[in-house]
$ cat structure10.tsv   # TSV, C-alpha atoms
chain	number	residue	atom	x	y	z
T	1	MET	CA	184.43	-137.67	-118.01
T	2	LYS	CA	181.07	-136.10	-117.20
T	3	ASP	CA	182.58	-134.72	-114.05
T	4	LEU	CA	185.15	-132.61	-115.84
T	5	PRO	CA	183.76	-129.06	-115.78
T	6	THR	CA	185.87	-128.00	-118.77
T	7	TYR	CA	184.47	-130.88	-120.79
T	8	GLN	CA	180.94	-130.12	-119.67
T	9	ALA	CA	181.33	-126.48	-120.72
T	10	LEU	CA	182.33	-127.64	-124.18
T	11	VAL	CA	179.36	-130.02	-124.40
T	12	ASP	CA	177.08	-127.12	-123.39
T	13	SER	CA	178.50	-124.93	-126.13
T	14	PHE	CA	177.98	-127.58	-128.78
T	15	SER	CA	174.42	-128.12	-127.54
T	16	LYS	CA	173.59	-124.55	-128.49
T	17	LEU	CA	174.18	-125.26	-132.19
T	18	PRO	CA	171.15	-125.96	-134.38
T	19	GLY	CA	170.27	-129.62	-134.75
T	20	VAL	CA	172.74	-130.78	-132.13
T	21	GLY	CA	171.24	-132.92	-129.34
T	22	ALA	CA	172.80	-134.03	-126.07
T	23	LYS	CA	174.38	-137.17	-127.53
T	24	SER	CA	175.80	-135.39	-130.59
T	25	ALA	CA	177.18	-132.61	-128.41
T	26	GLN	CA	179.04	-135.21	-126.33
T	27	ARG	CA	180.45	-136.90	-129.42
T	28	MET	CA	181.63	-133.55	-130.76
T	29	ALA	CA	183.21	-132.49	-127.46
T	30	TYR	CA	184.95	-135.84	-127.23
T	31	SER	CA	186.26	-135.47	-130.77
T	32	VAL	CA	187.78	-132.13	-129.80
T	33	LEU	CA	189.73	-133.90	-127.04
T	34	GLU	CA	190.93	-136.47	-129.56
T	35	MET	CA	191.81	-133.82	-132.16
T	36	GLU	CA	195.33	-132.74	-133.00
T	37	GLU	CA	196.26	-129.78	-130.81
T	38	GLU	CA	196.70	-127.64	-133.91
T	39	ASP	CA	193.24	-128.39	-135.31
T	40	ALA	CA	191.58	-127.64	-131.99
T	41	LEU	CA	193.35	-124.31	-131.59
T	42	GLU	CA	192.44	-123.44	-135.17
T	43	PHE	CA	188.83	-124.28	-134.37
T	44	SER	CA	188.84	-122.09	-131.26
T	45	LYS	CA	190.42	-119.27	-133.22
T	46	ALA	CA	187.98	-119.67	-136.13
T	47	ILE	CA	185.05	-119.03	-133.80
T	48	TYR	CA	186.78	-116.08	-132.19
T	49	ASP	CA	187.75	-114.61	-135.57
T	50	ALA	CA	184.30	-115.12	-137.07
T	51	LYS	CA	182.80	-113.19	-134.19
T	52	SER	CA	185.39	-110.41	-134.14
T	53	LYS	CA	186.07	-109.93	-137.86
T	54	ILE	CA	182.68	-110.55	-139.44
T	55	HIS	CA	180.01	-107.89	-139.02
T	56	LYS	CA	176.79	-106.94	-140.73
T	57	CYS	CA	177.11	-104.81	-143.86
T	58	PRO	CA	175.87	-101.34	-142.86
T	59	ARG	CA	174.07	-101.00	-146.19
T	60	CYS	CA	172.25	-104.31	-146.73
T	61	GLY	CA	172.71	-106.40	-143.59
T	62	LEU	CA	174.55	-109.34	-145.18
T	63	TYR	CA	177.66	-110.53	-143.38
T	64	ALA	CA	180.86	-108.75	-144.35
T	65	GLU	CA	184.54	-108.71	-143.51
T	66	GLY	CA	185.35	-105.46	-145.31
T	67	GLU	CA	183.51	-102.19	-144.83
T	68	LEU	CA	180.71	-103.21	-147.19
T	69	CYS	CA	179.74	-106.80	-148.06
T	70	ASP	CA	180.92	-108.52	-151.25
T	71	VAL	CA	177.56	-107.92	-152.91
T	72	CYS	CA	177.32	-104.18	-152.15
T	73	SER	CA	180.93	-103.58	-153.12
T	74	ASP	CA	180.66	-105.48	-156.42
T	75	GLU	CA	180.23	-102.81	-159.10
T	76	THR	CA	179.42	-105.34	-161.82
T	77	ARG	CA	176.12	-106.17	-160.12
T	78	ASP	CA	172.77	-104.52	-160.79
T	79	HIS	CA	172.35	-102.06	-157.91
T	80	LYS	CA	168.84	-101.03	-158.97
T	81	THR	CA	167.21	-104.40	-158.26
T	82	CYS	CA	166.95	-105.39	-154.62
T	83	VAL	CA	165.79	-108.70	-153.16
T	84	VAL	CA	164.43	-108.28	-149.62
T	85	ILE	CA	165.03	-111.27	-147.35
T	86	SER	CA	164.33	-112.02	-143.69
T	87	MET	CA	167.69	-113.49	-142.75
T	88	ALA	CA	171.19	-113.26	-144.22
T	89	LYS	CA	171.25	-117.00	-144.91
T	90	ASP	CA	168.31	-116.59	-147.30
T	91	ALA	CA	170.71	-114.94	-149.76
T	92	ALA	CA	172.50	-118.25	-150.38
T	93	PRO	CA	169.95	-119.82	-152.82
T	94	PHE	CA	169.85	-116.55	-154.81
T	95	GLU	CA	173.62	-116.50	-155.10
T	96	LYS	CA	173.58	-120.14	-156.14
T	97	MET	CA	171.09	-119.49	-158.97
T	98	GLY	CA	173.21	-116.63	-160.28
T	99	TYR	CA	171.14	-113.63	-159.15
T	100	ARG	CA	173.09	-110.43	-159.96
T	101	GLY	CA	171.14	-107.76	-158.10
T	102	VAL	CA	171.61	-106.65	-154.50
T	103	PHE	CA	169.94	-107.60	-151.19
T	104	HIS	CA	168.33	-106.10	-148.14
T	105	VAL	CA	168.14	-108.11	-144.93
T	106	LEU	CA	165.18	-107.35	-142.65
T	107	GLY	CA	166.52	-109.30	-139.69
T	108	GLY	CA	163.34	-111.29	-139.15
T	109	SER	CA	159.60	-111.19	-139.88
T	110	LEU	CA	156.73	-109.30	-138.29
T	111	SER	CA	155.22	-111.45	-135.55
T	112	PRO	CA	152.72	-110.17	-132.99
T	113	VAL	CA	153.04	-113.51	-131.17
T	114	LYS	CA	156.79	-113.12	-130.71
T	115	GLY	CA	156.44	-109.40	-130.15
T	116	ILE	CA	158.38	-108.45	-133.28
T	117	GLY	CA	157.10	-105.17	-134.69
T	118	ALA	CA	158.10	-102.96	-137.63
T	119	GLY	CA	160.60	-101.10	-135.42
T	120	ASP	CA	162.50	-104.32	-134.74
T	121	LEU	CA	163.14	-104.94	-138.43
T	122	SER	CA	165.32	-103.08	-140.91
T	123	ILE	CA	162.32	-101.53	-142.71
T	124	ASP	CA	163.06	-97.81	-142.34
T	125	PRO	CA	166.57	-98.31	-143.77
T	126	LEU	CA	164.98	-100.11	-146.76
T	127	ILE	CA	162.71	-97.14	-147.49
T	128	GLU	CA	165.70	-94.87	-147.17
T	129	ARG	CA	167.64	-97.01	-149.66
T	130	VAL	CA	164.76	-96.90	-152.16
T	131	GLU	CA	164.97	-93.11	-152.14
T	132	LYS	CA	168.69	-92.61	-151.77
T	133	GLU	CA	169.91	-95.31	-154.15
T	134	GLY	CA	167.10	-94.87	-156.66
T	135	LEU	CA	166.13	-98.57	-156.63
T	136	GLU	CA	163.98	-99.55	-159.60
T	137	GLU	CA	162.54	-102.79	-158.24
T	138	VAL	CA	162.14	-104.30	-154.81
T	139	ILE	CA	161.49	-108.06	-154.88
T	140	LEU	CA	159.97	-109.21	-151.60
T	141	ALA	CA	161.40	-112.64	-150.82
T	142	THR	CA	160.29	-113.24	-147.26
T	143	ASN	CA	159.30	-116.83	-146.50
T	144	PRO	CA	155.95	-118.11	-147.84
T	145	THR	CA	154.56	-118.39	-144.32
T	146	LEU	CA	151.93	-116.39	-142.47
T	147	GLU	CA	154.60	-114.17	-140.89
T	148	GLY	CA	156.55	-113.77	-144.13
T	149	GLU	CA	153.35	-112.91	-146.00
T	150	THR	CA	152.32	-110.30	-143.45
T	151	THR	CA	155.77	-108.72	-143.58
T	152	ALA	CA	155.72	-108.60	-147.39
T	153	LEU	CA	152.27	-106.98	-147.50
T	154	PHE	CA	153.27	-104.46	-144.83
T	155	ILE	CA	156.37	-103.39	-146.76
T	156	ALA	CA	154.52	-103.36	-150.09
T	157	LYS	CA	152.05	-100.86	-148.63
T	158	LEU	CA	154.83	-98.61	-147.31
T	159	LEU	CA	156.57	-98.58	-150.69
T	160	GLU	CA	153.40	-98.04	-152.73
T	161	GLY	CA	153.99	-95.45	-155.44
T	162	LYS	CA	157.67	-95.12	-154.62
T	163	VAL	CA	159.10	-98.09	-156.53
T	164	ARG	CA	158.04	-101.20	-158.40
T	165	VAL	CA	157.41	-103.84	-155.75
T	166	SER	CA	157.06	-107.54	-156.56
T	167	ARG	CA	156.73	-110.77	-154.61
T	168	LEU	CA	158.31	-114.13	-155.47
T	169	GLY	CA	155.92	-116.39	-157.40
T	170	TYR	CA	154.20	-119.28	-155.63
T	171	GLY	CA	153.57	-122.71	-156.98
T	172	LEU	CA	154.86	-126.23	-157.09
T	173	PRO	CA	158.56	-126.56	-156.41
T	174	MET	CA	160.47	-127.94	-159.40
T	175	GLY	CA	161.00	-131.66	-159.19
T	176	ALA	CA	158.20	-132.09	-156.67
T	177	SER	CA	155.58	-134.78	-156.92
T	178	LEU	CA	151.99	-133.57	-157.45
T	179	GLU	CA	150.79	-136.43	-155.32
T	180	TYR	CA	152.28	-134.84	-152.22
T	181	ALA	CA	151.43	-131.20	-152.93
T	182	ASP	CA	149.53	-129.59	-150.06
T	183	ALA	CA	146.22	-127.88	-150.78
T	184	LEU	CA	147.48	-124.35	-150.18
T	185	THR	CA	150.46	-124.71	-152.51
T	186	LEU	CA	148.27	-126.25	-155.18
T	187	GLN	CA	145.78	-123.42	-154.85
T	188	LYS	CA	148.60	-120.88	-155.28
T	189	ALA	CA	149.90	-122.85	-158.28
T	190	LEU	CA	146.45	-122.74	-159.87
T	191	GLU	CA	146.11	-119.02	-159.23
T	192	GLY	CA	149.51	-118.40	-160.76
T	193	ARG	CA	148.93	-120.55	-163.84
T	194	LYS	CA	150.24	-119.25	-167.14
T	195	ASN	CA	148.96	-119.65	-170.68
T	196	LEU	CA	151.11	-121.83	-172.85
O	1	MET	CA	179.01	-115.29	-147.57
O	2	LYS	CA	180.95	-118.14	-149.14
O	3	ASP	CA	183.62	-115.65	-150.09
O	4	LEU	CA	184.41	-114.62	-146.52
O	5	PRO	CA	187.65	-116.44	-145.62
O	6	THR	CA	186.97	-116.17	-141.89
O	7	TYR	CA	183.58	-117.78	-142.37
O	8	GLN	CA	185.03	-120.49	-144.58
O	9	ALA	CA	187.67	-121.31	-141.96
O	10	LEU	CA	184.89	-121.81	-139.42
O	11	VAL	CA	182.92	-124.05	-141.80
O	12	ASP	CA	186.09	-126.11	-142.34
O	13	SER	CA	186.57	-126.56	-138.60
O	14	PHE	CA	183.00	-127.71	-138.09
O	15	SER	CA	183.38	-130.14	-141.01
O	16	LYS	CA	186.08	-131.97	-139.06
O	17	LEU	CA	183.61	-133.01	-136.36
O	18	PRO	CA	182.16	-136.52	-136.53
O	19	GLY	CA	178.84	-136.77	-138.37
O	20	VAL	CA	178.94	-133.20	-139.64
O	21	GLY	CA	178.57	-132.84	-143.40
O	22	ALA	CA	179.11	-129.77	-145.56
O	23	LYS	CA	175.55	-128.51	-145.17
O	24	SER	CA	175.48	-128.97	-141.37
O	25	ALA	CA	178.87	-127.28	-141.04
O	26	GLN	CA	177.49	-124.25	-142.87
O	27	ARG	CA	174.41	-124.12	-140.65
O	28	MET	CA	176.59	-124.32	-137.55
O	29	ALA	CA	179.00	-121.64	-138.74
O	30	TYR	CA	176.06	-119.41	-139.59
O	31	SER	CA	174.58	-119.95	-136.15
O	32	VAL	CA	177.87	-118.80	-134.61
O	33	LEU	CA	177.53	-115.52	-136.51
O	34	GLU	CA	173.97	-115.14	-135.20
O	35	MET	CA	174.96	-116.05	-131.64
O	36	GLU	CA	175.25	-113.58	-128.80
O	37	GLU	CA	178.84	-112.32	-128.65
O	38	GLU	CA	179.16	-113.76	-125.15
O	39	ASP	CA	178.06	-117.26	-126.15
O	40	ALA	CA	180.45	-117.33	-129.09
O	41	LEU	CA	183.42	-116.24	-127.01
O	42	GLU	CA	182.48	-118.82	-124.39
O	43	PHE	CA	182.39	-121.46	-127.14
O	44	SER	CA	185.80	-120.44	-128.45
O	45	LYS	CA	187.20	-120.49	-124.93
O	46	ALA	CA	185.60	-123.86	-124.14
O	47	ILE	CA	187.48	-125.46	-127.02
O	48	TYR	CA	190.72	-123.78	-126.01
O	49	ASP	CA	190.28	-124.76	-122.37
O	50	ALA	CA	189.35	-128.34	-123.18
O	51	LYS	CA	192.53	-128.71	-125.16
O	52	SER	CA	194.80	-126.94	-122.69
O	53	LYS	CA	193.37	-128.10	-119.35
O	54	ILE	CA	192.28	-131.65	-120.10
O	55	HIS	CA	195.00	-134.27	-120.48
O	56	LYS	CA	195.23	-138.03	-120.29
O	57	CYS	CA	195.53	-139.52	-116.82
O	58	PRO	CA	199.13	-140.81	-116.58
O	59	ARG	CA	197.92	-143.91	-114.76
O	60	CYS	CA	194.89	-145.13	-116.73
O	61	GLY	CA	194.58	-142.97	-119.84
O	62	LEU	CA	191.13	-141.52	-119.11
O	63	TYR	CA	190.74	-137.78	-119.55
O	64	ALA	CA	191.60	-135.73	-116.47
O	65	GLU	CA	191.79	-132.15	-115.32
O	66	GLY	CA	193.72	-132.80	-112.12
O	67	GLU	CA	196.93	-134.81	-111.87
O	68	LEU	CA	195.07	-138.13	-111.89
O	69	CYS	CA	191.59	-138.69	-113.33
O	70	ASP	CA	188.46	-138.77	-111.15
O	71	VAL	CA	188.40	-142.55	-111.21
O	72	CYS	CA	192.05	-143.11	-110.20
O	73	SER	CA	191.86	-140.49	-107.48
O	74	ASP	CA	188.62	-141.84	-105.98
O	75	GLU	CA	189.65	-143.90	-102.94
O	76	THR	CA	186.18	-145.35	-102.46
O	77	ARG	CA	186.50	-147.33	-105.68
O	78	ASP	CA	187.82	-150.86	-106.01
O	79	HIS	CA	191.38	-150.41	-107.23
O	80	LYS	CA	191.99	-154.13	-107.61
O	81	THR	CA	189.53	-154.63	-110.45
O	82	CYS	CA	190.46	-153.05	-113.75
O	83	VAL	CA	188.37	-152.82	-116.89
O	84	VAL	CA	190.54	-152.52	-120.01
O	85	ILE	CA	189.00	-150.46	-122.81
O	86	SER	CA	190.16	-149.34	-126.23
O	87	MET	CA	189.14	-145.70	-126.05
O	88	ALA	CA	188.42	-143.30	-123.18
O	89	LYS	CA	184.83	-142.84	-124.37
O	90	ASP	CA	184.17	-146.54	-123.74
O	91	ALA	CA	184.29	-145.83	-120.00
O	92	ALA	CA	181.01	-143.88	-120.20
O	93	PRO	CA	178.61	-146.87	-120.29
O	94	PHE	CA	180.46	-148.49	-117.36
O	95	GLU	CA	180.15	-145.32	-115.31
O	96	LYS	CA	176.49	-145.12	-116.22
O	97	MET	CA	175.75	-148.66	-114.96
O	98	GLY	CA	177.53	-147.95	-111.68
O	99	TYR	CA	180.80	-149.86	-112.17
O	100	ARG	CA	183.06	-149.12	-109.18
O	101	GLY	CA	186.43	-150.52	-110.27
O	102	VAL	CA	189.12	-148.70	-112.24
O	103	PHE	CA	190.01	-148.52	-115.94
O	104	HIS	CA	192.89	-148.87	-118.32
O	105	VAL	CA	192.72	-147.27	-121.75
O	106	LEU	CA	194.68	-149.01	-124.51
O	107	GLY	CA	194.33	-146.19	-126.99
O	108	GLY	CA	193.05	-148.40	-129.80
O	109	SER	CA	192.97	-152.03	-130.94
O	110	LEU	CA	195.55	-154.21	-132.64
O	111	SER	CA	195.07	-153.96	-136.38
O	112	PRO	CA	197.54	-155.32	-138.93
O	113	VAL	CA	195.48	-153.61	-141.66
O	114	LYS	CA	195.85	-150.17	-140.09
O	115	GLY	CA	199.40	-150.92	-139.02
O	116	ILE	CA	198.61	-150.75	-135.30
O	117	GLY	CA	200.87	-153.11	-133.35
O	118	ALA	CA	201.32	-153.90	-129.65
O	119	GLY	CA	203.87	-151.10	-129.31
O	120	ASP	CA	201.30	-148.52	-130.39
O	121	LEU	CA	198.92	-149.42	-127.56
O	122	SER	CA	199.23	-148.94	-123.81
O	123	ILE	CA	199.88	-152.63	-123.17
O	124	ASP	CA	203.25	-152.51	-121.41
O	125	PRO	CA	201.93	-149.95	-118.91
O	126	LEU	CA	198.99	-152.31	-118.22
O	127	ILE	CA	201.34	-155.18	-117.39
O	128	GLU	CA	203.32	-152.81	-115.19
O	129	ARG	CA	200.11	-151.80	-113.38
O	130	VAL	CA	199.18	-155.45	-112.79
O	131	GLU	CA	202.47	-155.96	-110.98
O	132	LYS	CA	202.86	-152.61	-109.28
O	133	GLU	CA	199.27	-152.10	-108.14
O	134	GLY	CA	198.63	-155.76	-107.37
O	135	LEU	CA	195.49	-155.91	-109.52
O	136	GLU	CA	193.32	-158.92	-108.74
O	137	GLU	CA	191.27	-159.00	-111.90
O	138	VAL	CA	191.65	-157.58	-115.36
O	139	ILE	CA	188.38	-157.45	-117.30
O	140	LEU	CA	189.04	-157.14	-121.01
O	141	ALA	CA	186.35	-154.89	-122.46
O	142	THR	CA	187.61	-154.20	-125.95
O	143	ASN	CA	184.89	-154.00	-128.58
O	144	PRO	CA	183.24	-157.29	-129.64
O	145	THR	CA	184.75	-157.00	-133.11
O	146	LEU	CA	187.52	-158.93	-134.82
O	147	GLU	CA	190.13	-156.33	-133.83
O	148	GLY	CA	188.86	-156.08	-130.27
O	149	GLU	CA	188.81	-159.87	-129.93
O	150	THR	CA	192.38	-160.16	-131.20
O	151	THR	CA	193.53	-157.47	-128.80
O	152	ALA	CA	191.82	-159.19	-125.86
O	153	LEU	CA	193.36	-162.58	-126.67
O	154	PHE	CA	196.78	-161.01	-127.13
O	155	ILE	CA	196.63	-159.30	-123.73
O	156	ALA	CA	195.18	-162.39	-122.04
O	157	LYS	CA	198.19	-164.37	-123.21
O	158	LEU	CA	200.63	-161.77	-121.89
O	159	LEU	CA	198.92	-161.71	-118.49
O	160	GLU	CA	198.58	-165.49	-118.19
O	161	GLY	CA	199.52	-166.64	-114.69
O	162	LYS	CA	199.97	-163.09	-113.43
O	163	VAL	CA	196.38	-162.14	-112.65
O	164	ARG	CA	192.82	-163.32	-113.14
O	165	VAL	CA	191.89	-162.24	-116.65
O	166	SER	CA	188.30	-162.21	-117.88
O	167	ARG	CA	186.47	-161.05	-120.95
O	168	LEU	CA	183.06	-159.42	-121.07
O	169	GLY	CA	180.28	-161.95	-121.65
O	170	TYR	CA	178.69	-162.20	-125.04
O	171	GLY	CA	175.55	-160.37	-124.12
O	172	LEU	CA	176.94	-157.83	-126.54
O	173	PRO	CA	175.97	-158.32	-130.16
O	174	MET	CA	179.01	-158.90	-132.39
O	175	GLY	CA	179.97	-155.92	-134.51
O	176	ALA	CA	178.44	-153.38	-132.13
O	177	SER	CA	180.20	-150.37	-130.69
O	178	LEU	CA	180.72	-150.33	-126.92
O	179	GLU	CA	180.08	-146.62	-126.78
O	180	TYR	CA	176.38	-147.18	-127.39
O	181	ALA	CA	175.83	-150.20	-125.16
O	182	ASP	CA	172.78	-149.88	-122.90
O	183	ALA	CA	173.22	-150.40	-119.18
O	184	LEU	CA	171.27	-153.68	-118.97
O	185	THR	CA	173.13	-155.38	-121.82
O	186	LEU	CA	176.36	-154.24	-120.31
O	187	GLN	CA	175.38	-155.56	-116.89
O	188	LYS	CA	174.55	-158.97	-118.40
O	189	ALA	CA	177.86	-158.93	-120.15
O	190	LEU	CA	179.66	-158.17	-116.89
O	191	GLU	CA	177.80	-160.95	-115.04
O	192	GLY	CA	178.59	-163.42	-117.81
O	193	ARG	CA	182.29	-162.68	-117.98
O	194	LYS	CA	184.52	-165.73	-118.37
O	195	ASN	CA	188.05	-166.55	-117.28
O	196	LEU	CA	190.51	-166.71	-120.13

$ encode --input "structure10.tsv" --output "structure tokens"
Amino acid sequence: MKDLPTYQALVDSFSKLPGVGAKSAQRMAYSVLEMEEEDALEFSKAIYDAKSKIHKCPRCGLYAEGELCDVCSDETRDHKTCVVISMAKDAAPFEKMGYRGVFHVLGGSLSPVKGIGAGDLSIDPLIERVEKEGLEEVILATNPTLEGETTALFIAKLLEGKVRVSRLGYGLPMGASLEYADALTLQKALEGRKNL
Amino acid sequence: MKDLPTYQALVDSFSKLPGVGAKSAQRMAYSVLEMEEEDALEFSKAIYDAKSKIHKCPRCGLYAEGELCDVCSDETRDHKTCVVISMAKDAAPFEKMGYRGVFHVLGGSLSPVKGIGAGDLSIDPLIERVEKEGLEEVILATNPTLEGETTALFIAKLLEGKVRVSRLGYGLPMGASLEYADALTLQKALEGRKNL
């Protein structure tokens, strides 16, 4: 079966997915061969459709099928509070917890090592939104990593005096065990302690 | 993003793959959105092509792109020795260890529980091949499970007196899946095959 070029092409495509190794890719490709014709064609079409129908929301950068994304076009949401995230997928936990503001997707984090500078991220459009949409608060929710930190500080400086800028709080994750907390997290948790 | 029907359709398709849970399916669908347009279209096409170009070899049941599969159309192989397997994927470990005979795919195992009877498997065509192709040995390589055992004994009885019938040696641990057999174990099993 390894000699079938069509099969090999399918294995190669599956290998490009995150967390899919050579063996898994083969199992998946094989399962496509064993699938009902209808399911396989639906699968092929689903990928094609996703790529041709879904685009980035021109306002916030989340994925959208309509002109604007579901968040930007929802008038019941608070359009004055904006959570800034690195990638579109980072919006999912906010949606899950019931966040009702809007988002802005940067498209990555600043990284001198990877050669990602301010011009590569959606930072200018964010500043434009602050002014044009009259945002009242920008909550920086980049990842708590060196790159995410740097990006947050960089944007905070640019927005200084223009809008209230905040950063997600650091500390122990809920449900975590103190025993396994790393030193840096614990230090942040101590710094962010609150009076009871 | 959960509200995008096109995205949801893609997640559903990924969920149908073996070993892919809800969370993995979402990660995979998301990665398709983040993919280069070209890679995604190639992926979509690979699935379509696999389903439209690859079919079962009319002689042995392995997957093929040409009229016959690569094994059946290879004249340098020993066409008098035939390994009988349940599923096409079970041929992979044989190919890996350098087996040079041919195959016959049953398409499953006898299973009263699942309602799979002799008529549901490619057993009659196997008997026809024994006579028409003048096979000299049929090596029953169904899985070393209860169902595989039953299937092997059933076929051995049908072929009694018509051809030399053997069963893979018990180098294979009971309850294992042939798909994951390592080459050495498989070689031992081949060497230790017994006449039935």

$ interface_residues --input "structure10.tsv" --of "chain O" --to "chain T" --cutoff "6 Å" --atoms "all atoms listed in the file" --output "NGL selection string"
:O and (6-7 or 10 or 13 or 17 or 28 or 43-44 or 46-48 or 50)

$ calpha_fit_rmsd --input "structure10.tsv" --fixed "chain T" --moving "chain O"
5.6 Å

$ residues_around --input "structure10.tsv" --residues "Thr81 in chain T" --least-positions-apart "6" --cutoff "8 Å" --atoms "all atoms listed in the file" --output "PDB file with C-alpha atoms, in the coordinates of the input"
ATOM      1  CA  GLY T 101     171.140-107.760-158.100  1.00  0.00           C
ATOM      2  CA  VAL T 102     171.610-106.650-154.500  1.00  0.00           C
ATOM      3  CA  LEU T 135     166.130 -98.570-156.630  1.00  0.00           C
ATOM      4  CA  GLU T 136     163.980 -99.550-159.600  1.00  0.00           C
ATOM      5  CA  GLU T 137     162.540-102.790-158.240  1.00  0.00           C
ATOM      6  CA  VAL T 138     162.140-104.300-154.810  1.00  0.00           C
ATOM      7  CA  ILE T 139     161.490-108.060-154.880  1.00  0.00           C
TER       8      ILE T 139
END

$ residues_around --input "structure10.tsv" --residues "Cys72 in chain O" --least-positions-apart "3" --cutoff "8 Å" --atoms "only C-alpha atoms" --output "MDAnalysis selection string"
chainID O and resid 59:60 68:69 75 79 102

$ atom_distance --input "structure10.tsv" --atom1 "CA of Tyr170 in chain T" --atom2 "CA of Asp120 in chain T"
27.0 Å

$ residues_near_point --input "structure10.tsv" --point "(155.7, -102.4, -145.7)" --cutoff "12 Å" --atoms "all atoms listed in the file" --output "PyMOL selection string"
chain T and resi 84+106+109-110+117-119+121-127+138+140+142+148-160+162+165

$ write_last_selection --input "structure10.tsv" --atoms "C-alpha atoms" --output "PDB file, in the frame of the given file"
ATOM      1  CA  VAL T  84     164.430-108.280-149.620  1.00  0.00           C
ATOM      2  CA  LEU T 106     165.180-107.350-142.650  1.00  0.00           C
ATOM      3  CA  SER T 109     159.600-111.190-139.880  1.00  0.00           C
ATOM      4  CA  LEU T 110     156.730-109.300-138.290  1.00  0.00           C
ATOM      5  CA  GLY T 117     157.100-105.170-134.690  1.00  0.00           C
ATOM      6  CA  ALA T 118     158.100-102.960-137.630  1.00  0.00           C
ATOM      7  CA  GLY T 119     160.600-101.100-135.420  1.00  0.00           C
ATOM      8  CA  LEU T 121     163.140-104.940-138.430  1.00  0.00           C
ATOM      9  CA  SER T 122     165.320-103.080-140.910  1.00  0.00           C
ATOM     10  CA  ILE T 123     162.320-101.530-142.710  1.00  0.00           C
ATOM     11  CA  ASP T 124     163.060 -97.810-142.340  1.00  0.00           C
ATOM     12  CA  PRO T 125     166.570 -98.310-143.770  1.00  0.00           C
ATOM     13  CA  LEU T 126     164.980-100.110-146.760  1.00  0.00           C
ATOM     14  CA  ILE T 127     162.710 -97.140-147.490  1.00  0.00           C
ATOM     15  CA  VAL T 138     162.140-104.300-154.810  1.00  0.00           C
ATOM     16  CA  LEU T 140     159.970-109.210-151.600  1.00  0.00           C
ATOM     17  CA  THR T 142     160.290-113.240-147.260  1.00  0.00           C
ATOM     18  CA  GLY T 148     156.550-113.770-144.130  1.00  0.00           C
ATOM     19  CA  GLU T 149     153.350-112.910-146.000  1.00  0.00           C
ATOM     20  CA  THR T 150     152.320-110.300-143.450  1.00  0.00           C
ATOM     21  CA  THR T 151     155.770-108.720-143.580  1.00  0.00           C
ATOM     22  CA  ALA T 152     155.720-108.600-147.390  1.00  0.00           C
ATOM     23  CA  LEU T 153     152.270-106.980-147.500  1.00  0.00           C
ATOM     24  CA  PHE T 154     153.270-104.460-144.830  1.00  0.00           C
ATOM     25  CA  ILE T 155     156.370-103.390-146.760  1.00  0.00           C
ATOM     26  CA  ALA T 156     154.520-103.360-150.090  1.00  0.00           C
ATOM     27  CA  LYS T 157     152.050-100.860-148.630  1.00  0.00           C
ATOM     28  CA  LEU T 158     154.830 -98.610-147.310  1.00  0.00           C
ATOM     29  CA  LEU T 159     156.570 -98.580-150.690  1.00  0.00           C
ATOM     30  CA  GLU T 160     153.400 -98.040-152.730  1.00  0.00           C
ATOM     31  CA  LYS T 162     157.670 -95.120-154.620  1.00  0.00           C
ATOM     32  CA  VAL T 165     157.410-103.840-155.750  1.00  0.00           C
TER      33      VAL T 165
END

$ atom_distance --input "structure10.tsv" --atom1 "CA of Arg77 in chain T" --atom2 "CA of Arg100 in chain T"
5.2 Å

$ closest_residue --input "structure10.tsv" --among "T:Gly169, T:Gly161, T:Gly175, T:Gly21" --to "Glu191 in chain T" --atoms "only C-alpha atoms"
T:Gly169

$ residues_around --input "structure10.tsv" --residues "Ser177 in chain O" --least-positions-apart "4" --cutoff "8 Å" --atoms "only C-alpha atoms" --output "list in words"
Asn143, Pro144 and Ala181 of chain O

$ write_last_selection --input "structure10.tsv" --atoms "C-alpha atoms" --output "PDB file, keeping the file's coordinate frame"
ATOM      1  CA  ASN O 143     184.890-154.000-128.580  1.00  0.00           C
ATOM      2  CA  PRO O 144     183.240-157.290-129.640  1.00  0.00           C
ATOM      3  CA  ALA O 181     175.830-150.200-125.160  1.00  0.00           C
TER       4      ALA O 181
END

$ atom_distance --input "structure10.tsv" --atom1 "CA of Lys194 in chain T" --atom2 "CA of Leu172 in chain T"
13.1 Å

$ axis_aligned_box --input "structure10.tsv" --around "range 2-8 of chain O" --padding-each-side "3 Å" --output "lines of an AutoDock Vina configuration file"
center_x = 184.3
center_y = -117.6
center_z = -146.0
size_x = 12.7
size_y = 11.9
size_z = 14.2

$ closest_residue --input "structure10.tsv" --among "T:Gly134, T:Lys23, T:Gly108, T:Pro58" --to "Asp78 in chain T" --atoms "only C-alpha atoms"
T:Gly134
